[in-house]
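Worksheet: one structure, shown below.
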Amino acid sequence: MYSEKVMQHFKKPQNMGEIPDADGVGSVGNPTCGDLMTMYIKVKDNRIEDVKFKTYGCGAAIATSSMTTELAKGKTIDEAMKISRASVADSLGGLPPVKMHCSNLAADALHAAIEDYQKKQKSKEVE
Ligand code: FES
């Protein structure tokens, strides 16, 4: 079943919530189960200063969201872009095969939030 790390993050999720004045926001849905996740990032000097998530999903989705925020915090934008679905699952000590799709949401939502941030930066440059 679940590794101890997954249970830890599920029982005590880190960085849950919303950043009202976020620099980037990414929302994704999981086509396999219909669950939803949103990530919020705050960026300073090209680094992720703060990151929070809101998940409407299963325990594995909550645990992977929590783990992803921990992995992303303090990373540069480029480093955070390299956090993959597989690296999140690995950091949690693996996930049961039927739950692997749940780990996709968190990395995808993080990348979507970064892309949103980059788009906003570009439109600022044009102004
Ligand atoms: Fe939907 Fe896990 S069952 S994210």
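Ordering of the structure tokens sets the chain letters (A, B, ...); residue numbers start at 1 within each chain; ligands are numbered from 1 in the order shown.
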When the cut-off is 10 Å and you count only C-alpha atoms and all ligand atoms, which residues lie near ligand 1, shown as a PDB file with N, CA, C and O atoms, in the first residue's frame?
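Final output, saved to part.pdb:
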ATOM      1  N   GLY A  29      -6.777  19.373 -14.334  1.00  0.00           N
ATOM      2  CA  GLY A  29      -7.722  18.320 -13.988  1.00  0.00           C
ATOM      3  C   GLY A  29      -7.122  16.992 -14.400  1.00  0.00           C
ATOM      4  O   GLY A  29      -6.345  16.919 -15.341  1.00  0.00           O
ATOM      5  N   ASN A  30      -7.456  15.950 -13.668  1.00  0.00           N
ATOM      6  CA  ASN A  30      -6.941  14.627 -13.997  1.00  0.00           C
ATOM      7  C   ASN A  30      -7.960  13.891 -14.878  1.00  0.00           C
ATOM      8  O   ASN A  30      -9.062  13.599 -14.418  1.00  0.00           O
ATOM      9  N   PRO A  31      -7.602  13.628 -16.133  1.00  0.00           N
ATOM     10  CA  PRO A  31      -8.575  12.996 -17.031  1.00  0.00           C
ATOM     11  C   PRO A  31      -8.986  11.595 -16.568  1.00  0.00           C
ATOM     12  O   PRO A  31     -10.073  11.122 -16.897  1.00  0.00           O
ATOM     13  N   THR A  32      -8.113  10.950 -15.772  1.00  0.00           N
ATOM     14  CA  THR A  32      -8.427   9.574 -15.344  1.00  0.00           C
ATOM     15  C   THR A  32      -9.565   9.537 -14.326  1.00  0.00           C
ATOM     16  O   THR A  32     -10.389   8.636 -14.331  1.00  0.00           O
ATOM     17  N   CYS A  33      -9.587  10.524 -13.415  1.00  0.00           N
ATOM     18  CA  CYS A  33     -10.573  10.448 -12.334  1.00  0.00           C
ATOM     19  C   CYS A  33     -11.407  11.710 -12.168  1.00  0.00           C
ATOM     20  O   CYS A  33     -12.348  11.725 -11.388  1.00  0.00           O
ATOM     21  N   GLY A  34     -11.032  12.786 -12.873  1.00  0.00           N
ATOM     22  CA  GLY A  34     -11.802  14.026 -12.770  1.00  0.00           C
ATOM     23  C   GLY A  34     -11.409  14.907 -11.602  1.00  0.00           C
ATOM     24  O   GLY A  34     -12.047  15.928 -11.350  1.00  0.00           O
ATOM     25  N   ASP A  35     -10.359  14.522 -10.844  1.00  0.00           N
ATOM     26  CA  ASP A  35      -9.943  15.342  -9.712  1.00  0.00           C
ATOM     27  C   ASP A  35      -9.241  16.618 -10.193  1.00  0.00           C
ATOM     28  O   ASP A  35      -8.719  16.665 -11.303  1.00  0.00           O
ATOM     29  N   LEU A  36      -9.226  17.622  -9.302  1.00  0.00           N
ATOM     30  CA  LEU A  36      -8.706  18.937  -9.690  1.00  0.00           C
ATOM     31  C   LEU A  36      -7.639  19.427  -8.721  1.00  0.00           C
ATOM     32  O   LEU A  36      -7.697  19.107  -7.533  1.00  0.00           O
ATOM     33  N   MET A  37      -6.716  20.226  -9.254  1.00  0.00           N
ATOM     34  CA  MET A  37      -5.692  20.808  -8.386  1.00  0.00           C
ATOM     35  C   MET A  37      -5.271  22.183  -8.881  1.00  0.00           C
ATOM     36  O   MET A  37      -5.189  22.403 -10.089  1.00  0.00           O
ATOM     37  N   THR A  55      -6.310  21.118  -3.467  1.00  0.00           N
ATOM     38  CA  THR A  55      -6.586  19.889  -4.205  1.00  0.00           C
ATOM     39  C   THR A  55      -7.968  19.366  -3.893  1.00  0.00           C
ATOM     40  O   THR A  55      -8.358  19.286  -2.730  1.00  0.00           O
ATOM     41  N   TYR A  56      -8.678  19.054  -4.950  1.00  0.00           N
ATOM     42  CA  TYR A  56      -9.935  18.339  -4.784  1.00  0.00           C
ATOM     43  C   TYR A  56      -9.644  16.954  -5.338  1.00  0.00           C
ATOM     44  O   TYR A  56      -9.769  16.712  -6.526  1.00  0.00           O
ATOM     45  N   GLY A  57      -9.145  16.090  -4.470  1.00  0.00           N
ATOM     46  CA  GLY A  57      -8.727  14.795  -4.996  1.00  0.00           C
ATOM     47  C   GLY A  57      -8.492  13.789  -3.895  1.00  0.00           C
ATOM     48  O   GLY A  57      -8.772  14.034  -2.718  1.00  0.00           O
ATOM     49  N   CYS A  58      -7.911  12.665  -4.276  1.00  0.00           N
ATOM     50  CA  CYS A  58      -7.731  11.554  -3.345  1.00  0.00           C
ATOM     51  C   CYS A  58      -6.517  11.778  -2.428  1.00  0.00           C
ATOM     52  O   CYS A  58      -5.773  12.752  -2.590  1.00  0.00           O
ATOM     53  N   GLY A  59      -6.301  10.863  -1.527  1.00  0.00           N
ATOM     54  CA  GLY A  59      -5.189  10.971  -0.583  1.00  0.00           C
ATOM     55  C   GLY A  59      -3.844  11.047  -1.270  1.00  0.00           C
ATOM     56  O   GLY A  59      -2.971  11.831  -0.864  1.00  0.00           O
ATOM     57  N   ALA A  60      -3.660  10.266  -2.325  1.00  0.00           N
ATOM     58  CA  ALA A  60      -2.374  10.279  -3.033  1.00  0.00           C
ATOM     59  C   ALA A  60      -2.159  11.627  -3.711  1.00  0.00           C
ATOM     60  O   ALA A  60      -1.035  12.134  -3.772  1.00  0.00           O
ATOM     61  N   ALA A  61      -3.246  12.233  -4.205  1.00  0.00           N
ATOM     62  CA  ALA A  61      -3.125  13.545  -4.847  1.00  0.00           C
ATOM     63  C   ALA A  61      -2.729  14.591  -3.810  1.00  0.00           C
ATOM     64  O   ALA A  61      -1.901  15.472  -4.082  1.00  0.00           O
ATOM     65  N   ILE A  62      -3.292  14.497  -2.621  1.00  0.00           N
ATOM     66  CA  ILE A  62      -2.952  15.447  -1.552  1.00  0.00           C
ATOM     67  C   ILE A  62      -1.488  15.259  -1.139  1.00  0.00           C
ATOM     68  O   ILE A  62      -0.736  16.224  -1.020  1.00  0.00           O
ATOM     69  N   ALA A  63      -1.074  14.014  -0.975  1.00  0.00           N
ATOM     70  CA  ALA A  63       0.312  13.746  -0.573  1.00  0.00           C
ATOM     71  C   ALA A  63       1.296  14.217  -1.644  1.00  0.00           C
ATOM     72  O   ALA A  63       2.321  14.830  -1.328  1.00  0.00           O
ATOM     73  N   THR A  64       0.980  13.994  -2.909  1.00  0.00           N
ATOM     74  CA  THR A  64       1.924  14.421  -3.952  1.00  0.00           C
ATOM     75  C   THR A  64       1.943  15.946  -4.076  1.00  0.00           C
ATOM     76  O   THR A  64       2.980  16.527  -4.354  1.00  0.00           O
ATOM     77  N   VAL A  98      -1.712   1.601  -9.211  1.00  0.00           N
ATOM     78  CA  VAL A  98      -3.020   2.163  -9.570  1.00  0.00           C
ATOM     79  C   VAL A  98      -3.137   3.633  -9.165  1.00  0.00           C
ATOM     80  O   VAL A  98      -4.086   4.311  -9.569  1.00  0.00           O
ATOM     81  N   LYS A  99      -2.196   4.081  -8.374  1.00  0.00           N
ATOM     82  CA  LYS A  99      -2.248   5.480  -7.912  1.00  0.00           C
ATOM     83  C   LYS A  99      -1.220   6.356  -8.627  1.00  0.00           C
ATOM     84  O   LYS A  99      -1.101   7.545  -8.309  1.00  0.00           O
ATOM     85  N   MET A 100      -0.479   5.802  -9.559  1.00  0.00           N
ATOM     86  CA  MET A 100       0.552   6.591 -10.233  1.00  0.00           C
ATOM     87  C   MET A 100      -0.045   7.799 -10.950  1.00  0.00           C
ATOM     88  O   MET A 100       0.556   8.858 -10.989  1.00  0.00           O
ATOM     89  N   HIS A 101      -1.235   7.645 -11.506  1.00  0.00           N
ATOM     90  CA  HIS A 101      -1.821   8.782 -12.237  1.00  0.00           C
ATOM     91  C   HIS A 101      -2.098   9.963 -11.306  1.00  0.00           C
ATOM     92  O   HIS A 101      -2.170  11.100 -11.754  1.00  0.00           O
ATOM     93  N   CYS A 102      -2.249   9.689 -10.015  1.00  0.00           N
ATOM     94  CA  CYS A 102      -2.540  10.753  -9.056  1.00  0.00           C
ATOM     95  C   CYS A 102      -1.344  11.692  -8.899  1.00  0.00           C
ATOM     96  O   CYS A 102      -1.506  12.855  -8.540  1.00  0.00           O
ATOM     97  N   SER A 103      -0.129  11.158  -9.151  1.00  0.00           N
ATOM     98  CA  SER A 103       1.054  11.994  -8.962  1.00  0.00           C
ATOM     99  C   SER A 103       1.241  12.938 -10.144  1.00  0.00           C
ATOM    100  O   SER A 103       2.052  13.855 -10.090  1.00  0.00           O
ATOM    101  N   ASN A 104       0.496  12.733 -11.224  1.00  0.00           N
ATOM    102  CA  ASN A 104       0.655  13.605 -12.390  1.00  0.00           C
ATOM    103  C   ASN A 104       0.169  15.016 -12.120  1.00  0.00           C
ATOM    104  O   ASN A 104       0.742  15.987 -12.612  1.00  0.00           O
ATOM    105  N   LEU A 105      -0.904  15.115 -11.341  1.00  0.00           N
ATOM    106  CA  LEU A 105      -1.539  16.408 -11.127  1.00  0.00           C
ATOM    107  C   LEU A 105      -0.590  17.449 -10.559  1.00  0.00           C
ATOM    108  O   LEU A 105      -0.537  18.580 -11.045  1.00  0.00           O
ATOM    109  N   ALA A 106       0.151  17.068  -9.526  1.00  0.00           N
ATOM    110  CA  ALA A 106       0.947  18.059  -8.804  1.00  0.00           C
ATOM    111  C   ALA A 106       2.044  18.653  -9.682  1.00  0.00           C
ATOM    112  O   ALA A 106       2.184  19.885  -9.756  1.00  0.00           O
TER     113      ALA A 106
END
Could you write out, as a ChimeraX atom specification, all the residues of chain A that DSSP marks as strand (DSSP E or B)?
/A:16,24-29,36-44,47-56,76
Closest of A:Tyr40, A:Tyr2, A:Tyr117, A:Phe10 to A:Lys54, counting only C-alpha atoms, is A:Tyr40
Nearby residues (only C-alpha atoms) at most 8 Å from A:Ala72, same-chain spacing under 5 positions excluded, as a count of residues only
4
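The alpha helix (DSSP H) portion of stretch 22-104 of chain A consists of A:Gly59, A:Ala60, A:Ala61, A:Ile62, A:Ala63, A:Thr64, A:Ser65, A:Ser66, A:Met67, A:Thr68, A:Thr69, A:Glu70, A:Leu71, A:Ala72, A:Ile77, A:Asp78, A:Glu79, A:Ala80, A:Met81, A:Arg85, A:Ala86, A:Ser87, A:Val88, A:Ala89, A:Asp90, A:Ser91, A:Cys102, A:Ser103, A:Asn104, with states taken from DSSP on the backbone.
Omitting stretch 18-27 of chain A and its sequence neighbours fewer than 5 positions away, and counting only C-alpha atoms, the residues within 8 Å are A:Leu36, A:Met37, A:Thr38, A:Met39, A:Tyr40, A:Ile41, A:Lys42, A:Val43, A:Val51, A:Lys52, A:Phe53, A:Lys54, A:Ala109, A:Leu110, A:His111, A:Ala112, A:Ala113, A:Ile114, A:Glu115, A:Asp116, A:Tyr117, A:Gln118, A:Lys120.
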Just-selected residues, N, CA, C and O atoms written as an mmCIF file, in the first residue's frame:
data_model
loop_
_atom_site.group_PDB
_atom_site.id
_atom_site.type_symbol
_atom_site.label_atom_id
_atom_site.label_comp_id
_atom_site.auth_asym_id
_atom_site.auth_seq_id
_atom_site.Cartn_x
_atom_site.Cartn_y
_atom_site.Cartn_z
ATOM 1 N N LEU A 36 -9.226 17.622 -9.302
ATOM 2 C CA LEU A 36 -8.706 18.937 -9.690
ATOM 3 C C LEU A 36 -7.639 19.427 -8.721
ATOM 4 O O LEU A 36 -7.697 19.107 -7.533
ATOM 5 N N MET A 37 -6.716 20.226 -9.254
ATOM 6 C CA MET A 37 -5.692 20.808 -8.386
ATOM 7 C C MET A 37 -5.271 22.183 -8.881
ATOM 8 O O MET A 37 -5.189 22.403 -10.089
ATOM 9 N N THR A 38 -5.017 23.089 -7.950
ATOM 10 C CA THR A 38 -4.502 24.409 -8.304
ATOM 11 C C THR A 38 -3.248 24.678 -7.483
ATOM 12 O O THR A 38 -3.208 24.384 -6.292
ATOM 13 N N MET A 39 -2.232 25.201 -8.146
ATOM 14 C CA MET A 39 -0.994 25.606 -7.455
ATOM 15 C C MET A 39 -0.813 27.107 -7.598
ATOM 16 O O MET A 39 -1.087 27.667 -8.671
ATOM 17 N N TYR A 40 -0.325 27.718 -6.539
ATOM 18 C CA TYR A 40 -0.061 29.165 -6.523
ATOM 19 C C TYR A 40 1.419 29.353 -6.224
ATOM 20 O O TYR A 40 1.929 28.715 -5.289
ATOM 21 N N ILE A 41 2.089 30.221 -6.983
ATOM 22 C CA ILE A 41 3.505 30.479 -6.676
ATOM 23 C C ILE A 41 3.773 31.972 -6.516
ATOM 24 O O ILE A 41 3.133 32.806 -7.153
ATOM 25 N N LYS A 42 4.732 32.238 -5.663
ATOM 26 C CA LYS A 42 5.217 33.593 -5.453
ATOM 27 C C LYS A 42 6.702 33.540 -5.840
ATOM 28 O O LYS A 42 7.434 32.667 -5.355
ATOM 29 N N VAL A 43 7.126 34.422 -6.714
ATOM 30 C CA VAL A 43 8.495 34.347 -7.240
ATOM 31 C C VAL A 43 9.262 35.610 -6.878
ATOM 32 O O VAL A 43 8.739 36.724 -6.999
ATOM 33 N N VAL A 51 4.914 28.685 -2.227
ATOM 34 C CA VAL A 51 4.051 27.884 -3.096
ATOM 35 C C VAL A 51 2.984 27.214 -2.238
ATOM 36 O O VAL A 51 3.273 26.718 -1.140
ATOM 37 N N LYS A 52 1.749 27.267 -2.710
ATOM 38 C CA LYS A 52 0.650 26.623 -1.974
ATOM 39 C C LYS A 52 -0.246 25.884 -2.961
ATOM 40 O O LYS A 52 -0.240 26.168 -4.158
ATOM 41 N N PHE A 53 -1.027 24.958 -2.424
ATOM 42 C CA PHE A 53 -1.902 24.197 -3.317
ATOM 43 C C PHE A 53 -3.295 24.012 -2.732
ATOM 44 O O PHE A 53 -3.494 24.065 -1.516
ATOM 45 N N LYS A 54 -4.225 23.808 -3.655
ATOM 46 C CA LYS A 54 -5.579 23.402 -3.262
ATOM 47 C C LYS A 54 -5.910 22.188 -4.112
ATOM 48 O O LYS A 54 -5.751 22.222 -5.332
ATOM 49 N N ALA A 109 0.425 20.817 -12.360
ATOM 50 C CA ALA A 109 -0.114 22.081 -11.853
ATOM 51 C C ALA A 109 1.022 23.054 -11.548
ATOM 52 O O ALA A 109 0.918 24.253 -11.813
ATOM 53 N N LEU A 110 2.130 22.532 -11.020
ATOM 54 C CA LEU A 110 3.286 23.392 -10.747
ATOM 55 C C LEU A 110 3.810 23.990 -12.060
ATOM 56 O O LEU A 110 4.055 25.195 -12.148
ATOM 57 N N HIS A 111 3.966 23.151 -13.070
ATOM 58 C CA HIS A 111 4.463 23.644 -14.360
ATOM 59 C C HIS A 111 3.498 24.671 -14.960
ATOM 60 O O HIS A 111 3.925 25.675 -15.532
ATOM 61 N N ALA A 112 2.198 24.420 -14.798
ATOM 62 C CA ALA A 112 1.196 25.362 -15.327
ATOM 63 C C ALA A 112 1.304 26.712 -14.599
ATOM 64 O O ALA A 112 1.186 27.773 -15.220
ATOM 65 N N ALA A 113 1.564 26.677 -13.298
ATOM 66 C CA ALA A 113 1.705 27.917 -12.534
ATOM 67 C C ALA A 113 2.954 28.679 -12.990
ATOM 68 O O ALA A 113 2.946 29.907 -13.112
ATOM 69 N N ILE A 114 4.029 27.950 -13.267
ATOM 70 C CA ILE A 114 5.262 28.591 -13.740
ATOM 71 C C ILE A 114 5.041 29.205 -15.125
ATOM 72 O O ILE A 114 5.453 30.342 -15.392
ATOM 73 N N GLU A 115 4.343 28.474 -15.978
ATOM 74 C CA GLU A 115 4.069 29.010 -17.320
ATOM 75 C C GLU A 115 3.210 30.269 -17.228
ATOM 76 O O GLU A 115 3.413 31.232 -17.975
ATOM 77 N N ASP A 116 2.260 30.263 -16.308
ATOM 78 C CA ASP A 116 1.412 31.440 -16.099
ATOM 79 C C ASP A 116 2.277 32.624 -15.645
ATOM 80 O O ASP A 116 2.132 33.747 -16.147
ATOM 81 N N TYR A 117 3.199 32.356 -14.731
ATOM 82 C CA TYR A 117 4.119 33.394 -14.252
ATOM 83 C C TYR A 117 4.949 33.950 -15.420
ATOM 84 O O TYR A 117 5.081 35.165 -15.584
ATOM 85 N N GLN A 118 5.488 33.044 -16.241
ATOM 86 C CA GLN A 118 6.333 33.479 -17.360
ATOM 87 C C GLN A 118 5.535 34.311 -18.366
ATOM 88 O O GLN A 118 6.034 35.300 -18.898
ATOM 89 N N LYS A 120 2.949 36.156 -17.665
ATOM 90 C CA LYS A 120 2.703 37.470 -17.061
ATOM 91 C C LYS A 120 3.952 38.342 -17.132
ATOM 92 O O LYS A 120 3.865 39.542 -17.339
#
So how many Å separate atom CA of A:Ser65 and atom CA of A:Gly17, to one decimal?
11.1 Å
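Closest to A:Pro13 among A:Glu70, A:Asp45, A:Asp50, A:Glu79 is A:Glu70, based on only C-alpha atoms.
Distance-wise, atom CA of A:Met81 and atom CA of A:Ser3 end up 25.4 Å apart.
Coordinates place atom CA of A:Lys12 at a distance of 25.7 Å from atom CA of A:Thr76.
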